[in-house]
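Text of data22.cif, listed as mmCIF, C-alpha atoms:
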```cif
data_run
#
loop_
_atom_site.group_PDB
_atom_site.id
_atom_site.type_symbol
_atom_site.label_atom_id
_atom_site.label_comp_id
_atom_site.auth_asym_id
_atom_site.auth_seq_id
_atom_site.Cartn_x
_atom_site.Cartn_y
_atom_site.Cartn_z
ATOM 1 C CA MET A 114 170.628 142.772 165.593
ATOM 2 C CA GLU A 115 172.183 140.600 162.909
ATOM 3 C CA LEU A 116 172.684 136.935 163.690
ATOM 4 C CA GLU A 117 175.291 134.495 162.349
ATOM 5 C CA LYS A 118 173.495 131.742 160.386
ATOM 6 C CA LYS A 119 174.245 128.793 158.133
ATOM 7 C CA CYS A 120 172.857 128.808 154.561
ATOM 8 C CA LYS A 121 170.273 126.073 153.934
ATOM 9 C CA ILE A 122 171.851 125.224 150.551
ATOM 10 C CA CYS A 123 175.615 125.750 150.617
ATOM 11 C CA SER A 124 176.195 125.695 154.425
ATOM 12 C CA THR A 125 178.281 128.887 154.416
ATOM 13 C CA PHE A 126 177.890 131.189 157.397
ATOM 14 C CA PHE A 127 176.357 134.629 156.833
ATOM 15 C CA LYS A 128 174.839 137.495 158.777
ATOM 16 C CA GLY A 129 171.294 138.678 158.285
ATOM 17 C CA ARG A 130 167.861 139.253 159.704
ATOM 18 C CA LYS A 131 166.091 136.731 161.911
ATOM 19 C CA GLY A 132 164.089 134.885 159.213
ATOM 20 C CA LYS A 133 166.771 134.771 156.521
ATOM 21 C CA ILE A 134 167.827 131.213 155.560
ATOM 22 C CA PHE A 135 169.861 131.690 152.364
ATOM 23 C CA CYS A 136 173.208 133.444 151.994
ATOM 24 C CA SER A 137 172.517 134.725 148.486
ATOM 25 C CA LEU A 138 169.915 135.134 145.790
ATOM 26 C CA ARG A 139 171.602 132.273 143.903
ATOM 27 C CA CYS A 140 171.026 129.800 146.775
ATOM 28 C CA LYS A 141 167.459 131.028 147.226
ATOM 29 C CA ASN A 142 166.680 130.566 143.514
ATOM 30 C CA TYR A 143 168.310 127.126 143.477
ATOM 31 C CA TYR A 144 166.160 126.005 146.420
ATOM 32 C CA HIS A 145 162.857 127.247 144.979
ATOM 33 C CA THR A 146 163.583 125.957 141.457
ATOM 34 C CA ASN A 147 164.259 122.434 142.757
ATOM 35 C CA LEU A 148 161.244 122.563 145.065
ATOM 36 C CA ARG A 149 159.024 123.519 142.110
ATOM 37 C CA LYS A 150 160.482 120.687 139.978
ATOM 38 C CA ALA A 151 159.813 118.119 142.713
ATOM 39 C CA THR A 152 156.251 119.366 143.155
ATOM 40 C CA ASN A 153 155.585 119.302 139.405
ATOM 41 C CA ASN A 154 156.977 115.768 139.037
ATOM 42 C CA ALA A 155 154.784 114.475 141.877
ATOM 43 C CA SER A 156 151.645 116.127 140.512
ATOM 44 C CA ILE A 157 152.299 114.828 136.983
ATOM 45 C CA THR A 158 152.611 111.270 138.292
ATOM 46 C CA ILE A 159 149.407 111.496 140.335
ATOM 47 C CA ASP A 160 147.558 113.112 137.428
ATOM 48 C CA ARG A 161 148.562 110.169 135.212
ATOM 49 C CA PHE A 162 147.105 107.737 137.767
ATOM 50 C CA LEU A 163 143.871 109.746 137.909
ATOM 51 C CA HIS A 164 143.496 109.848 134.120
ATOM 52 C CA ARG A 165 144.231 106.134 133.879
ATOM 53 C CA ASN A 166 141.637 105.360 136.569
ATOM 54 C CA ARG A 167 139.036 107.463 134.769
ATOM 55 C CA SER A 168 139.786 105.718 131.472
ATOM 56 C CA ILE A 169 139.355 102.308 133.096
ATOM 57 C CA LEU A 170 136.008 103.295 134.625
ATOM 58 C CA LEU A 171 134.814 104.787 131.334
ATOM 59 C CA GLU A 172 135.872 101.686 129.421
ATOM 60 C CA ILE A 173 133.913 99.436 131.776
ATOM 61 C CA VAL A 174 130.761 101.582 131.818
ATOM 62 C CA GLY A 175 130.787 102.108 128.055
ATOM 63 C CA LYS A 176 129.365 104.972 126.018
ATOM 64 C CA ASN A 177 125.654 104.371 126.518
ATOM 65 C CA LYS A 178 125.366 103.234 130.152
ATOM 66 C CA VAL A 179 125.219 105.448 133.196
ATOM 67 C CA GLN A 180 126.024 102.795 135.793
ATOM 68 C CA ILE A 181 127.148 99.195 136.043
ATOM 69 C CA LYS A 182 127.980 96.770 138.840
ATOM 70 C CA VAL A 183 131.108 94.622 138.383
ATOM 71 C CA PRO A 184 133.313 92.399 140.559
ATOM 72 C CA ARG A 185 136.315 94.128 142.129
ATOM 73 C CA SER A 186 138.595 91.719 140.254
ATOM 74 C CA VAL A 187 137.622 93.348 136.927
ATOM 75 C CA LEU A 188 139.129 96.644 138.076
ATOM 76 C CA GLU A 189 142.138 94.928 139.627
ATOM 77 C CA GLN A 190 142.905 93.099 136.364
ATOM 78 C CA LYS A 191 142.982 96.427 134.537
ATOM 79 C CA LYS A 192 145.451 97.782 137.139
ATOM 80 C CA PHE A 193 142.944 100.249 138.622
ATOM 81 C CA ARG A 194 144.527 102.123 141.547
ATOM 82 C CA PHE A 195 141.889 102.419 144.253
ATOM 83 C CA LYS A 196 144.115 104.739 146.275
ATOM 84 C CA TYR A 197 143.864 107.566 143.716
ATOM 85 C CA HIS A 198 140.668 109.596 143.420
ATOM 86 C CA THR A 199 139.795 113.288 143.249
ATOM 87 C CA HIS A 200 137.200 113.417 146.037
ATOM 88 C CA HIS A 201 134.561 111.372 147.847
ATOM 89 C CA HIS A 202 130.952 111.693 148.982
ATOM 90 C CA ILE A 203 129.012 109.826 151.664
ATOM 91 C CA ASN A 204 125.372 109.283 150.712
ATOM 92 C CA SER A 205 122.365 109.266 153.075
ATOM 93 C CA LYS A 206 122.812 105.515 153.712
ATOM 94 C CA GLY A 207 126.421 105.970 154.831
ATOM 95 C CA LYS A 208 127.969 104.499 151.674
ATOM 96 C CA MET A 209 131.040 106.255 150.313
ATOM 97 C CA TYR A 210 131.338 107.187 146.637
ATOM 98 C CA HIS A 211 134.896 107.745 145.407
ATOM 99 C CA TYR A 212 135.179 110.113 142.451
ATOM 100 C CA VAL A 213 137.674 110.402 139.628
ATOM 101 C CA TYR A 214 136.594 113.619 137.967
ATOM 102 C CA ASP A 215 133.090 112.851 136.606
ATOM 103 C CA MET A 216 133.152 109.094 137.266
ATOM 104 C CA SER A 217 132.501 107.471 140.645
ATOM 105 C CA TRP A 218 132.573 104.059 142.260
ATOM 106 C CA MET A 219 131.193 102.553 145.438
ATOM 107 C CA GLN A 220 132.355 99.275 146.938
ATOM 108 C CA PHE A 221 129.944 96.788 148.475
ATOM 109 C CA SER A 222 130.795 94.211 151.148
ATOM 110 C CA ASP A 223 130.533 91.328 148.643
ATOM 111 C CA ASP A 224 133.480 92.693 146.592
ATOM 112 C CA GLN A 225 131.175 94.208 144.005
ATOM 113 C CA ILE A 226 131.828 97.702 142.669
ATOM 114 C CA LEU A 227 129.099 100.018 141.435
ATOM 115 C CA ILE A 228 130.457 102.420 138.803
ATOM 116 C CA ASN A 229 128.531 105.607 137.987
ATOM 117 C CA ARG A 230 128.935 108.313 135.412
ATOM 118 C CA ALA A 231 127.937 111.774 136.619
ATOM 119 C CA LYS A 232 125.017 113.360 134.844
ATOM 120 C CA SER A 233 126.172 116.227 132.641
#
```
In structure tokens, how does this file's structure come out?
Amino acid sequence: MELEKKCKICSTFFKGRKGKIFCSLRCKNYYHTNLRKATNNASITIDRFLHRNRSILLEIVGKNKVQIKVPRSVLEQKKFRFKYHTHHHINSKGKMYHYVYDMSWMQFSDDQILINRAKS
């Protein structure tokens, strides 16, 4: 049984199977192309934040150190975005490490941040 439906893109009425939401291949392609563009733009923006965060952590740790403890204000001055990280890990003491690729940081209650570089 064909049902009368409204196209999700151009709002024209059409007949078709139960799950059909576009009146034509043109409307379907338009929808998916724009969805892909929006997804790509969002992921590019987030990836920039992640790379910037990693660069800030690497700059603070330096080339020869593996870890360093700094005040939170040092990261804030460099516009570090604490919201953006790739993953996290909770250690055996219940402290959470936030990772940005191979770099990590852990916040202490006294507004100190421990920055670690992963062993390669």
Query - Residues selected by the PyMOL selection byres ((chain A and resi 180) around 6), written as a ChimeraX atom specification - result: /A:178-179,181,228-229
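What the PyMOL selection byres ((chain A and resi 139-147) around 12) grabs from this file is Lys119, Cys120, Lys121, Ile122, Cys123, Ser124, Thr125, Lys133, Ile134, Phe135, Cys136, Ser137, Leu138, Leu148, Arg149, Lys150, Ala151, Thr152, Asn153 and Asn154 of chain A.
Checking A:Ile169, A:Met216, A:Ser222, A:Ser205 one by one against A:Val187, counting only C-alpha atoms, you find the shortest gap at A:Ile169.
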**Report entry** Selection result for the PyMOL selection byres ((chain A and resi 232) around 9) on this file, as a list in words
**Finding:**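 Those residues are Val179, Asp215, Arg230, Ala231 and Ser233 of chain A.
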Got time to write the residues from that selection, C-alpha atoms, as a PDB file, in the frame of the given file?
```
ATOM      1  CA  VAL A 179     125.219 105.448 133.196  1.00  0.00           C
ATOM      2  CA  ASP A 215     133.090 112.851 136.606  1.00  0.00           C
ATOM      3  CA  ARG A 230     128.935 108.313 135.412  1.00  0.00           C
ATOM      4  CA  ALA A 231     127.937 111.774 136.619  1.00  0.00           C
ATOM      5  CA  SER A 233     126.172 116.227 132.641  1.00  0.00           C
TER       6      SER A 233
END
```
Query raised in the report: Which one is closest to A:Ile226: A:Lys206, A:His211, A:Arg161, A:Arg185? Count all atoms listed in the file.
Result: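 So, comparing all the options, the nearest one is A:Arg185.
For the set A:Ile157, A:Asn204, A:Ile173, A:Met219, the residue with the smallest atom-to-atom gap to A:Gln190 is A:Ile173, counting only C-alpha atoms.
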Report task. List the neighbours of A:Met209 out to 9 Å using all atoms listed in the file; skip same-chain residues closer than 5 positions along the sequence, and give me the result as a list in words. Result ->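 Listed by chain and then number, they are His201, His202, Ile203, Asn204, Trp218, Met219 and Gln220 of chain A.
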Query raised in the report: Could you state the separation of atom CA of A:Ser156 and atom CA of A:Leu188 in Å, given to one decimal place?
Result: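 For atom CA of A:Ser156 relative to atom CA of A:Leu188, the distance reads 23.3 Å.
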